[in-house]
$ cat protein_15.pdb   # PDB, C-alpha atoms, pLDDT in the B column
ATOM      1  CA  MET D   1      -6.572  14.439  -0.858  1.00 36.00           C
ATOM      2  CA  VAL D   2      -9.651  14.954  -2.990  1.00 39.00           C
ATOM      3  CA  ARG D   3     -12.912  14.911  -1.065  1.00 44.00           C
ATOM      4  CA  TRP D   4     -14.717  12.742  -3.621  1.00 46.00           C
ATOM      5  CA  GLU D   5     -18.027  12.851  -1.805  1.00 44.00           C
ATOM      6  CA  HIS D   6     -17.989  16.649  -2.137  1.00 44.00           C
ATOM      7  CA  VAL D   7     -17.095  16.471  -5.830  1.00 52.00           C
ATOM      8  CA  ALA D   8     -19.930  13.990  -6.404  1.00 53.00           C
ATOM      9  CA  TRP D   9     -22.458  16.186  -4.565  1.00 49.00           C
ATOM     10  CA  VAL D  10     -21.271  19.291  -6.449  1.00 53.00           C
ATOM     11  CA  VAL D  11     -21.715  17.429  -9.732  1.00 57.00           C
ATOM     12  CA  VAL D  12     -25.218  16.278  -8.764  1.00 53.00           C
ATOM     13  CA  GLY D  13     -26.125  19.733  -7.428  1.00 55.00           C
ATOM     14  CA  VAL D  14     -24.940  21.454 -10.588  1.00 54.00           C
ATOM     15  CA  GLY D  15     -26.944  19.043 -12.713  1.00 50.00           C
ATOM     16  CA  VAL D  16     -30.124  19.450 -10.667  1.00 48.00           C
ATOM     17  CA  GLY D  17     -29.710  23.230 -10.541  1.00 50.00           C
ATOM     18  CA  ALA D  18     -29.203  23.457 -14.261  1.00 47.00           C
ATOM     19  CA  VAL D  19     -32.242  21.346 -15.030  1.00 46.00           C
ATOM     20  CA  THR D  20     -34.334  23.446 -12.632  1.00 46.00           C
ATOM     21  CA  LEU D  21     -33.130  26.753 -14.047  1.00 47.00           C
ATOM     22  CA  SER D  22     -33.434  25.651 -17.650  1.00 47.00           C
ATOM     23  CA  GLY D  23     -37.055  24.705 -16.989  1.00 50.00           C
ATOM     24  CA  CYS D  24     -38.013  28.090 -15.571  1.00 49.00           C
ATOM     25  CA  CYS D  25     -35.839  30.559 -17.469  1.00 52.00           C
ATOM     26  CA  ASP D  26     -35.769  31.517 -21.122  1.00 52.00           C
ATOM     27  CA  CYS D  27     -32.533  31.508 -23.094  1.00 54.00           C
ATOM     28  CA  GLU D  28     -31.963  35.237 -22.673  1.00 52.00           C
ATOM     29  CA  SER D  29     -32.281  34.956 -18.905  1.00 53.00           C
ATOM     30  CA  MET D  30     -29.785  32.080 -18.893  1.00 50.00           C
ATOM     31  CA  LYS D  31     -27.295  34.241 -20.819  1.00 50.00           C
ATOM     32  CA  GLN D  32     -27.711  36.966 -18.230  1.00 48.00           C
ATOM     33  CA  LEU D  33     -26.677  34.564 -15.521  1.00 54.00           C
ATOM     34  CA  GLY D  34     -23.184  34.717 -17.065  1.00 62.00           C
ATOM     35  CA  GLU D  35     -20.716  32.429 -15.389  1.00 62.00           C
ATOM     36  CA  VAL D  36     -23.375  30.637 -13.352  1.00 64.00           C
ATOM     37  CA  GLY D  37     -25.239  29.719 -16.522  1.00 65.00           C
ATOM     38  CA  LYS D  38     -22.005  28.573 -18.129  1.00 68.00           C
ATOM     39  CA  VAL D  39     -21.171  26.297 -15.192  1.00 68.00           C
ATOM     40  CA  LEU D  40     -24.732  24.963 -14.945  1.00 72.00           C
ATOM     41  CA  GLY D  41     -24.851  24.268 -18.682  1.00 74.00           C
ATOM     42  CA  SER D  42     -21.526  22.501 -18.495  1.00 75.00           C
ATOM     43  CA  GLY D  43     -22.787  20.516 -15.503  1.00 76.00           C
ATOM     44  CA  VAL D  44     -25.858  19.326 -17.391  1.00 80.00           C
ATOM     45  CA  GLU D  45     -23.720  18.352 -20.366  1.00 83.00           C
ATOM     46  CA  MET D  46     -21.340  16.460 -18.079  1.00 85.00           C
ATOM     47  CA  MET D  47     -24.219  14.641 -16.343  1.00 86.00           C
ATOM     48  CA  GLN D  48     -25.732  13.585 -19.670  1.00 89.00           C
ATOM     49  CA  GLU D  49     -22.389  12.364 -20.934  1.00 90.00           C
ATOM     50  CA  ALA D  50     -21.673  10.556 -17.642  1.00 91.00           C
ATOM     51  CA  GLN D  51     -25.012   8.703 -17.757  1.00 93.00           C
ATOM     52  CA  SER D  52     -24.221   7.271 -21.189  1.00 93.00           C
ATOM     53  CA  ALA D  53     -20.472   6.710 -20.730  1.00 94.00           C
ATOM     54  CA  PRO D  54     -19.006   3.286 -21.423  1.00 94.00           C
ATOM     55  CA  GLY D  55     -19.767   0.899 -18.575  1.00 95.00           C
ATOM     56  CA  THR D  56     -23.029   2.519 -17.460  1.00 95.00           C
ATOM     57  CA  ASP D  57     -25.211  -0.119 -19.135  1.00 96.00           C
ATOM     58  CA  GLU D  58     -23.285  -2.811 -17.283  1.00 96.00           C
ATOM     59  CA  LEU D  59     -23.610  -0.918 -13.986  1.00 96.00           C
ATOM     60  CA  ARG D  60     -27.374  -0.719 -14.481  1.00 96.00           C
ATOM     61  CA  GLY D  61     -27.333  -4.434 -15.315  1.00 95.00           C
ATOM     62  CA  ALA D  62     -25.548  -5.076 -12.010  1.00 95.00           C
ATOM     63  CA  GLY D  63     -28.398  -3.370 -10.125  1.00 95.00           C
ATOM     64  CA  CYS D  64     -27.712   0.369 -10.179  1.00 95.00           C
ATOM     65  CA  ASP D  65     -30.908   2.344 -10.845  1.00 95.00           C
ATOM     66  CA  VAL D  66     -28.840   5.349 -11.883  1.00 94.00           C
ATOM     67  CA  ALA D  67     -25.316   4.849 -13.183  1.00 95.00           C
ATOM     68  CA  MET D  68     -22.813   7.537 -14.053  1.00 94.00           C
ATOM     69  CA  VAL D  69     -19.161   7.374 -15.005  1.00 94.00           C
ATOM     70  CA  ILE D  70     -17.295  10.647 -14.977  1.00 90.00           C
ATOM     71  CA  THR D  71     -14.171   9.694 -16.870  1.00 88.00           C
ATOM     72  CA  PRO D  72     -10.981  11.730 -16.646  1.00 85.00           C
ATOM     73  CA  GLU D  73     -11.851  13.174 -20.071  1.00 85.00           C
ATOM     74  CA  ILE D  74     -15.373  14.221 -19.034  1.00 84.00           C
ATOM     75  CA  LEU D  75     -14.057  15.734 -15.808  1.00 80.00           C
ATOM     76  CA  GLU D  76     -11.334  17.610 -17.683  1.00 80.00           C
ATOM     77  CA  LYS D  77     -13.965  19.320 -19.869  1.00 80.00           C
ATOM     78  CA  PHE D  78     -15.849  20.435 -16.760  1.00 76.00           C
ATOM     79  CA  ILE D  79     -12.656  21.605 -15.036  1.00 73.00           C
ATOM     80  CA  ASP D  80     -11.841  23.712 -18.105  1.00 75.00           C
ATOM     81  CA  VAL D  81     -15.109  25.593 -17.525  1.00 72.00           C
ATOM     82  CA  VAL D  82     -14.610  26.134 -13.801  1.00 69.00           C
ATOM     83  CA  LYS D  83     -10.806  26.391 -13.658  1.00 68.00           C
ATOM     84  CA  ASP D  84     -10.805  30.156 -13.112  1.00 63.00           C
ATOM     85  CA  MET D  85     -13.328  29.967 -10.299  1.00 61.00           C
ATOM     86  CA  ASP D  86     -12.444  29.573  -6.620  1.00 53.00           C
ATOM     87  CA  THR D  87     -12.162  25.808  -6.120  1.00 49.00           C
ATOM     88  CA  LYS D  88     -10.707  25.819  -2.608  1.00 48.00           C
ATOM     89  CA  GLY D  89     -11.982  22.932  -0.574  1.00 43.00           C
ATOM     90  CA  PHE D  90     -11.591  20.202  -3.187  1.00 48.00           C
ATOM     91  CA  ASP D  91      -8.140  19.424  -1.776  1.00 49.00           C
ATOM     92  CA  GLU D  92      -5.123  21.197  -0.357  1.00 51.00           C
ATOM     93  CA  ASP D  93      -3.527  22.176  -3.665  1.00 52.00           C
ATOM     94  CA  GLY D  94      -6.698  22.659  -5.723  1.00 46.00           C
ATOM     95  CA  GLU D  95      -5.898  19.825  -8.125  1.00 54.00           C
ATOM     96  CA  LEU D  96      -8.089  16.904  -9.074  1.00 53.00           C
ATOM     97  CA  PRO D  97      -6.346  13.725 -10.241  1.00 63.00           C
ATOM     98  CA  LYS D  98      -6.398  13.486 -14.018  1.00 68.00           C
ATOM     99  CA  ASP D  99      -6.212   9.679 -14.099  1.00 82.00           C
ATOM    100  CA  THR D 100      -9.240   8.736 -11.997  1.00 88.00           C
ATOM    101  CA  ALA D 101     -12.819   8.089 -13.108  1.00 90.00           C
ATOM    102  CA  MET D 102     -15.727   8.641 -10.744  1.00 91.00           C
ATOM    103  CA  VAL D 103     -18.048   5.625 -10.952  1.00 95.00           C
ATOM    104  CA  ILE D 104     -21.362   6.453  -9.272  1.00 95.00           C
ATOM    105  CA  CYS D 105     -24.086   3.883  -8.630  1.00 96.00           C
ATOM    106  CA  THR D 106     -27.401   4.915  -7.084  1.00 95.00           C
ATOM    107  CA  LEU D 107     -29.651   2.184  -5.691  1.00 95.00           C
ATOM    108  CA  ASN D 108     -33.335   1.967  -4.854  1.00 91.00           C
ATOM    109  CA  GLU D 109     -34.433   0.896  -1.365  1.00 88.00           C
ATOM    110  CA  THR D 110     -34.053  -2.840  -1.980  1.00 91.00           C
ATOM    111  CA  ALA D 111     -31.132  -3.200  -4.409  1.00 92.00           C
ATOM    112  CA  LYS D 112     -27.941  -4.795  -3.125  1.00 93.00           C
ATOM    113  CA  VAL D 113     -24.798  -3.647  -4.951  1.00 95.00           C
ATOM    114  CA  THR D 114     -21.443  -3.202  -3.231  1.00 96.00           C
ATOM    115  CA  CYS D 115     -18.533  -1.054  -4.360  1.00 96.00           C
ATOM    116  CA  ASP D 116     -16.742  -4.256  -5.351  1.00 97.00           C
ATOM    117  CA  ASP D 117     -19.757  -5.322  -7.476  1.00 97.00           C
ATOM    118  CA  ALA D 118     -19.860  -1.947  -9.238  1.00 97.00           C
ATOM    119  CA  ALA D 119     -16.085  -1.892  -9.775  1.00 96.00           C
ATOM    120  CA  ARG D 120     -16.114  -5.418 -11.230  1.00 96.00           C
ATOM    121  CA  ALA D 121     -18.947  -4.538 -13.635  1.00 96.00           C
ATOM    122  CA  TYR D 122     -17.157  -1.375 -14.788  1.00 96.00           C
ATOM    123  CA  ILE D 123     -13.738  -3.017 -15.134  1.00 96.00           C
ATOM    124  CA  LYS D 124     -15.176  -5.998 -17.029  1.00 96.00           C
ATOM    125  CA  ALA D 125     -17.060  -3.720 -19.444  1.00 95.00           C
ATOM    126  CA  VAL D 126     -14.469  -1.013 -20.055  1.00 94.00           C
ATOM    127  CA  LYS D 127     -11.082  -2.571 -19.240  1.00 94.00           C
ATOM    128  CA  PRO D 128      -9.932   0.885 -18.115  1.00 93.00           C
ATOM    129  CA  ASP D 129      -6.379   2.173 -18.114  1.00 91.00           C
ATOM    130  CA  HIS D 130      -7.210   4.599 -15.306  1.00 90.00           C
ATOM    131  CA  ASN D 131      -7.957   4.344 -11.590  1.00 92.00           C
ATOM    132  CA  MET D 132     -11.505   4.750 -10.350  1.00 92.00           C
ATOM    133  CA  MET D 133     -13.299   6.025  -7.268  1.00 92.00           C
ATOM    134  CA  VAL D 134     -16.483   3.986  -6.891  1.00 95.00           C
ATOM    135  CA  THR D 135     -19.353   5.384  -4.851  1.00 94.00           C
ATOM    136  CA  VAL D 136     -22.590   3.517  -4.168  1.00 96.00           C
ATOM    137  CA  ASN D 137     -25.465   5.660  -2.886  1.00 95.00           C
ATOM    138  CA  ARG D 138     -28.969   4.713  -1.883  1.00 95.00           C
ATOM    139  CA  GLN D 139     -31.868   6.955  -2.910  1.00 92.00           C
ATOM    140  CA  GLY D 140     -33.076   9.021   0.026  1.00 90.00           C
ATOM    141  CA  GLN D 141     -29.938   8.585   2.142  1.00 91.00           C
ATOM    142  CA  GLU D 142     -27.297  11.233   2.743  1.00 89.00           C
ATOM    143  CA  GLU D 143     -24.481   8.815   3.570  1.00 92.00           C
ATOM    144  CA  SER D 144     -22.937   6.665   0.848  1.00 92.00           C
ATOM    145  CA  GLU D 145     -23.320   2.912   1.168  1.00 94.00           C
ATOM    146  CA  CYS D 146     -19.636   2.657   0.302  1.00 95.00           C
ATOM    147  CA  GLN D 147     -16.846   4.543  -1.392  1.00 94.00           C
ATOM    148  CA  LYS D 148     -13.639   2.869  -2.463  1.00 94.00           C
ATOM    149  CA  GLN D 149     -10.726   3.511  -4.807  1.00 92.00           C
ATOM    150  CA  TYR D 150      -9.662   0.869  -7.338  1.00 95.00           C
ATOM    151  CA  THR D 151      -6.894   0.359  -9.852  1.00 94.00           C
ATOM    152  CA  PRO D 152      -7.632  -1.067 -13.336  1.00 93.00           C
ATOM    153  CA  ASP D 153      -6.678  -4.535 -12.071  1.00 92.00           C
ATOM    154  CA  PHE D 154      -9.178  -4.374  -9.148  1.00 88.00           C
ATOM    155  CA  LYS D 155      -6.697  -3.625  -6.380  1.00 83.00           C
TER     156      LYS D 155
END
$ encode --input "protein_15.pdb" --output "structure tokens"
Amino acid sequence: MVRWEHVAWVVVGVGVGAVTLSGCCDCESMKQLGEVGKVLGSGVEMMQEAQSAPGTDELRGAGCDVAMVITPEILEKFIDVVKDMDTKGFDEDGELPKDTAMVICTLNETAKVTCDDAARAYIKAVKPDHNMMVTVNRQGQEESECQKQYTPDFK
């Protein structure tokens, strides 16, 4: 079974690390980082694409301060970059499901959005043909508010 909370934190960590490194290193230094630079660059690209993916405007409209949707296609591009690296720990066989989007909603201290609310907003906007793992986080908290898997017909 995929440990989605770990995948989500890896994605966020890669994005933050890439932004930090890109702000303090010149292009030549980034090239010298080799594989790390490649993964970080891919992580930043994935984060940017996820923040503007279909359904993110509707998630923000539902109350998410930060909304990201890592579609199967976006995730596949990232996996292509890291596929030769040691990925033990994601699940027993090292595979991530190819038909599941990660829908991530981050709230401020006062916002009230449930996983069901976020799933409904995404499904209504996108009418997906893939399953989704919805995670709602609150800024400043380590634990997710909720995390739930949904099918395209909200089951």
$ residues_around --input "protein_15.pdb" --residues "Pro72 (chain D)" --least-positions-apart "6" --cutoff "12 Å" --atoms "all atoms listed in the file" --output "list in words"
Met46, Ala50, Ala53, Phe78, Ile79, Leu96, Pro97, Lys98, Asp99, Thr100, Ala101, Met102, Val103, Pro128, Asp129, His130, Asn131, Met132 and Met133 of chain D
$ closest_residue --input "protein_15.pdb" --among "D:Met68, D:Leu75, D:Ile104, D:Leu59" --to "Arg120 (chain D)" --atoms "all atoms listed in the file"
D:Leu59
$ atom_distance --input "protein_15.pdb" --atom1 "CA of Asn108 (chain D)" --atom2 "CA of Ile74 (chain D)"
26.0 Å
$ resolve_selection --input "protein_15.pdb" --expression "the PyMOL selection byres ((chain D and resi 65) around 8)" --output "short mmCIF file (atom, residue, chain, number, x, y, z; two decimals) with C-alpha atoms, in the coordinates of the input"
data_model
loop_
_atom_site.label_atom_id
_atom_site.label_comp_id
_atom_site.auth_asym_id
_atom_site.auth_seq_id
_atom_site.Cartn_x
_atom_site.Cartn_y
_atom_site.Cartn_z
CA ARG D 60 -27.37 -0.72 -14.48
CA GLY D 63 -28.40 -3.37 -10.12
CA CYS D 64 -27.71 0.37 -10.18
CA VAL D 66 -28.84 5.35 -11.88
CA ALA D 67 -25.32 4.85 -13.18
CA CYS D 105 -24.09 3.88 -8.63
CA THR D 106 -27.40 4.92 -7.08
CA LEU D 107 -29.65 2.18 -5.69
CA ASN D 108 -33.34 1.97 -4.85
#
$ closest_residue --input "protein_15.pdb" --among "D:Glu49, D:Glu73, D:Glu58, D:Glu145" --to "Cys115 (chain D)" --atoms "all atoms listed in the file"
D:Glu145
$ atom_distance --input "protein_15.pdb" --atom1 "CA of Val69 (chain D)" --atom2 "CA of Cys146 (chain D)"
16.0 Å
$ atom_distance --input "protein_15.pdb" --atom1 "CA of Ile123 (chain D)" --atom2 "CA of Pro54 (chain D)"
10.3 Å
$ residues_around --input "protein_15.pdb" --residues "Lys127 (chain D)" --least-positions-apart "3" --cutoff "9 Å" --atoms "all atoms listed in the file" --output "VMD selection string"
chain D and resid 122 to 124 152 to 153
